[in-house]
Amino acid sequence: DAQRRLAETERREYEAAAKAAALEAAVADANARADAARAEAESARLDRSVELNEGNARLEAELEAARADAEAAKAELEKALADATEAKSASEKTSEKLTKAVKKGKGIEAEKKQLEVTVAELRTQLDQAGSAYAAELVQATGSAENAAMAAKEEAQDAQRRLAETERREYEAAAKAAALEAAV
């Protein structure tokens with residue numbers, strides 16, 4: 001009976017030792033898998049960190065490029081505004097010149113009408129005075145008409161220049177508005 005108990009105890013000790021060895025092997029395997037998982041997680045973390053750093057660098061480069069584009073657009077807008085101001089100034093000067101030309105043209109037109117009246121009167125007198133006097137009067141009339149035509153052409157030229165200046169001013173304003181909208 002004692003031998004049987006001893007054998008039973010030895011068997012239990014053997015089974016316990018086998019179980020302990022199996023548990024130690026399982027623990028070692030679990031530790032190895034945990035170490036491998038930790039290493040894999042660390043590698044993934046490093047990979048993700050590298051990706052994030054690369055992404056940040058790429059975003060920073062894009063941001064710098066966008067800033068450079070914004071600065072260029074701002075400079076272009078400022079130039080367009082300066083051009084528009086210059087065009088407006090030129091337009092105002094041309095408008096002043098046109099106003100002067102129109103006044104001059106009106107004066108010339110009034111002078112022409114006065115001359116036409118005078119010419120009519122002189123023609124009447126000329127008809128009465130004779131053919132020699134009539135030749136001189138025709139010559140004076142031609143000069144007055146030439147002066148009136150020259151003044152009229154000058155006024156038309158000033159109007160054309162004003163229209164061109166207004167067109168340029170409109171284009172500059174449109175360009176400035178487009179640039180402001182782009183910014």
# chains A, B, ... in the order shown; residues from 1 in each chain; ligands from 1

$ residues_around --residues "Lys88 in chain A" --least-positions-apart "2" --cutoff "10 Å" --atoms "only C-alpha atoms" --output "mmCIF file with N, CA and C atoms, in the first residue's frame"
data_model
loop_
_atom_site.group_PDB
_atom_site.id
_atom_site.type_symbol
_atom_site.label_atom_id
_atom_site.label_comp_id
_atom_site.auth_asym_id
_atom_site.auth_seq_id
_atom_site.Cartn_x
_atom_site.Cartn_y
_atom_site.Cartn_z
ATOM 1 N N ALA A 82 -1.626 99.671 -59.693
ATOM 2 C CA ALA A 82 -0.796 100.812 -60.092
ATOM 3 C C ALA A 82 -1.057 101.167 -61.555
ATOM 4 N N ASP A 83 -1.169 100.135 -62.407
ATOM 5 C CA ASP A 83 -1.470 100.372 -63.828
ATOM 6 C C ASP A 83 -2.830 101.042 -63.990
ATOM 7 N N ALA A 84 -3.804 100.577 -63.181
ATOM 8 C CA ALA A 84 -5.149 101.151 -63.259
ATOM 9 C C ALA A 84 -5.126 102.614 -62.818
ATOM 10 N N THR A 85 -4.363 102.903 -61.768
ATOM 11 C CA THR A 85 -4.245 104.288 -61.296
ATOM 12 C C THR A 85 -3.594 105.154 -62.361
ATOM 13 N N GLU A 86 -2.555 104.618 -62.973
ATOM 14 C CA GLU A 86 -1.865 105.349 -64.039
ATOM 15 C C GLU A 86 -2.797 105.576 -65.227
ATOM 16 N N ALA A 90 -4.063 109.090 -66.733
ATOM 17 C CA ALA A 90 -3.938 109.401 -68.159
ATOM 18 C C ALA A 90 -5.303 109.745 -68.751
ATOM 19 N N SER A 91 -6.328 109.019 -68.299
ATOM 20 C CA SER A 91 -7.681 109.270 -68.785
ATOM 21 C C SER A 91 -8.154 110.663 -68.367
ATOM 22 N N GLU A 92 -7.846 111.037 -67.119
ATOM 23 C CA GLU A 92 -8.238 112.364 -66.648
ATOM 24 C C GLU A 92 -7.531 113.451 -67.446
ATOM 25 N N LYS A 93 -6.235 113.242 -67.730
ATOM 26 C CA LYS A 93 -5.494 114.228 -68.524
ATOM 27 C C LYS A 93 -6.086 114.330 -69.928
ATOM 28 N N THR A 94 -6.385 113.183 -70.506
ATOM 29 C CA THR A 94 -6.969 113.182 -71.852
ATOM 30 C C THR A 94 -8.339 113.849 -71.841
ATOM 31 N N THR A 165 -8.234 105.712 -74.181
ATOM 32 C CA THR A 165 -7.822 105.772 -72.773
ATOM 33 C C THR A 165 -8.884 105.131 -71.882
ATOM 34 N N GLU A 166 -10.152 105.396 -72.151
ATOM 35 C CA GLU A 166 -11.227 104.789 -71.361
ATOM 36 C C GLU A 166 -11.232 103.278 -71.534
ATOM 37 N N ARG A 168 -8.577 101.399 -72.173
ATOM 38 C CA ARG A 168 -7.436 100.879 -71.397
ATOM 39 C C ARG A 168 -7.748 100.882 -69.905
ATOM 40 N N GLU A 169 -8.393 101.934 -69.454
ATOM 41 C CA GLU A 169 -8.749 102.026 -68.031
ATOM 42 C C GLU A 169 -9.713 100.900 -67.667
ATOM 43 N N TYR A 170 -10.679 100.629 -68.538
ATOM 44 C CA TYR A 170 -11.636 99.553 -68.279
ATOM 45 C C TYR A 170 -10.912 98.197 -68.221
ATOM 46 N N ALA A 172 -7.736 97.660 -67.491
ATOM 47 C CA ALA A 172 -6.918 97.611 -66.280
ATOM 48 C C ALA A 172 -7.790 97.329 -65.065
ATOM 49 N N ALA A 173 -8.965 97.951 -65.005
ATOM 50 C CA ALA A 173 -9.878 97.722 -63.883
ATOM 51 C C ALA A 173 -10.365 96.277 -63.895
#

$ residues_around --residues "Asp69 in chain A" --least-positions-apart "6" --cutoff "12 Å" --atoms "only C-alpha atoms" --output "MDAnalysis selection string"
chainID A and resid 62:63 75:76 182:183

$ atom_distance --atom1 "CA of Ala2 in chain A" --atom2 "CA of Ala21 in chain A"
27.9 Å

$ atom_distance --atom1 "CA of Ala144 in chain A" --atom2 "CA of Ala163 in chain A"
28.8 Å

$ closest_residue --among "A:Ala129, A:Leu162, A:Ala147, A:Val102" --to "Ala87 in chain A" --atoms "only C-alpha atoms"
A:Leu162

$ closest_residue --among "A:Ser43, A:Asp127, A:Glu164, A:Lys104" --to "Ala150 in chain A" --atoms "only C-alpha atoms"
A:Lys104

$ atom_distance --atom1 "CA of Ala32 in chain A" --atom2 "CA of Ala18 in chain A"
20.7 Å

$ decode --residues "range 29-94 of chain A" --atoms "C-alpha atoms" --output "tab-separated table (two decimals), in the first residue's frame"
chain	number	residue	atom	x	y	z
A	29	ASP	CA	6.17	30.83	-26.57
A	30	ALA	CA	3.76	33.56	-25.40
A	31	ASN	CA	6.70	35.78	-24.44
A	32	ALA	CA	8.31	35.16	-27.84
A	33	ARG	CA	5.06	36.02	-29.63
A	34	ALA	CA	4.63	39.11	-27.43
A	35	ASP	CA	8.21	40.15	-28.22
A	36	ALA	CA	7.56	39.60	-31.94
A	37	ALA	CA	4.30	41.57	-31.71
A	38	ARG	CA	6.11	44.37	-29.84
A	39	ALA	CA	8.84	44.42	-32.48
A	40	GLU	CA	6.26	44.45	-35.27
A	41	ALA	CA	4.31	47.23	-33.52
A	42	GLU	CA	7.53	49.23	-33.06
A	43	SER	CA	8.40	48.72	-36.72
A	44	ALA	CA	4.89	49.78	-37.75
A	45	ARG	CA	5.15	52.79	-35.43
A	46	LEU	CA	8.49	53.76	-36.98
A	47	ASP	CA	7.10	53.26	-40.49
A	48	ARG	CA	4.08	55.40	-39.61
A	49	SER	CA	6.34	58.03	-38.06
A	50	VAL	CA	8.43	58.13	-41.25
A	51	GLU	CA	5.24	58.40	-43.34
A	52	LEU	CA	3.95	61.22	-41.14
A	53	ASN	CA	7.27	63.05	-41.31
A	54	GLU	CA	7.34	62.69	-45.09
A	55	GLY	CA	3.71	63.83	-45.26
A	56	ASN	CA	4.50	66.81	-43.05
A	57	ALA	CA	7.48	67.72	-45.19
A	58	ARG	CA	5.35	67.42	-48.33
A	59	LEU	CA	2.60	69.57	-46.76
A	60	GLU	CA	5.16	72.16	-45.65
A	61	ALA	CA	6.56	72.31	-49.20
A	62	GLU	CA	3.04	72.71	-50.60
A	63	LEU	CA	2.33	75.43	-48.04
A	64	GLU	CA	5.50	77.28	-49.02
A	65	ALA	CA	4.57	76.97	-52.69
A	66	ALA	CA	1.08	78.30	-51.93
A	67	ARG	CA	2.58	81.19	-49.98
A	68	ALA	CA	4.90	81.97	-52.89
A	69	ASP	CA	1.94	81.85	-55.29
A	70	ALA	CA	-0.04	84.16	-53.00
A	71	GLU	CA	2.87	86.61	-52.82
A	72	ALA	CA	3.22	86.56	-56.61
A	73	ALA	CA	-0.52	87.12	-57.03
A	74	LYS	CA	-0.37	89.97	-54.51
A	75	ALA	CA	2.52	91.59	-56.38
A	76	GLU	CA	0.66	91.18	-59.66
A	77	LEU	CA	-2.47	92.71	-58.12
A	78	GLU	CA	-0.48	95.65	-56.78
A	79	LYS	CA	1.03	96.18	-60.25
A	80	ALA	CA	-2.42	95.98	-61.84
A	81	LEU	CA	-3.74	98.52	-59.33
A	82	ALA	CA	-0.80	100.81	-60.09
A	83	ASP	CA	-1.47	100.37	-63.83
A	84	ALA	CA	-5.15	101.15	-63.26
A	85	THR	CA	-4.24	104.29	-61.30
A	86	GLU	CA	-1.86	105.35	-64.04
A	87	ALA	CA	-4.50	104.68	-66.69
A	88	LYS	CA	-7.05	106.67	-64.69
A	89	SER	CA	-4.62	109.57	-64.43
A	90	ALA	CA	-3.94	109.40	-68.16
A	91	SER	CA	-7.68	109.27	-68.79
A	92	GLU	CA	-8.24	112.36	-66.65
A	93	LYS	CA	-5.49	114.23	-68.52
A	94	THR	CA	-6.97	113.18	-71.85
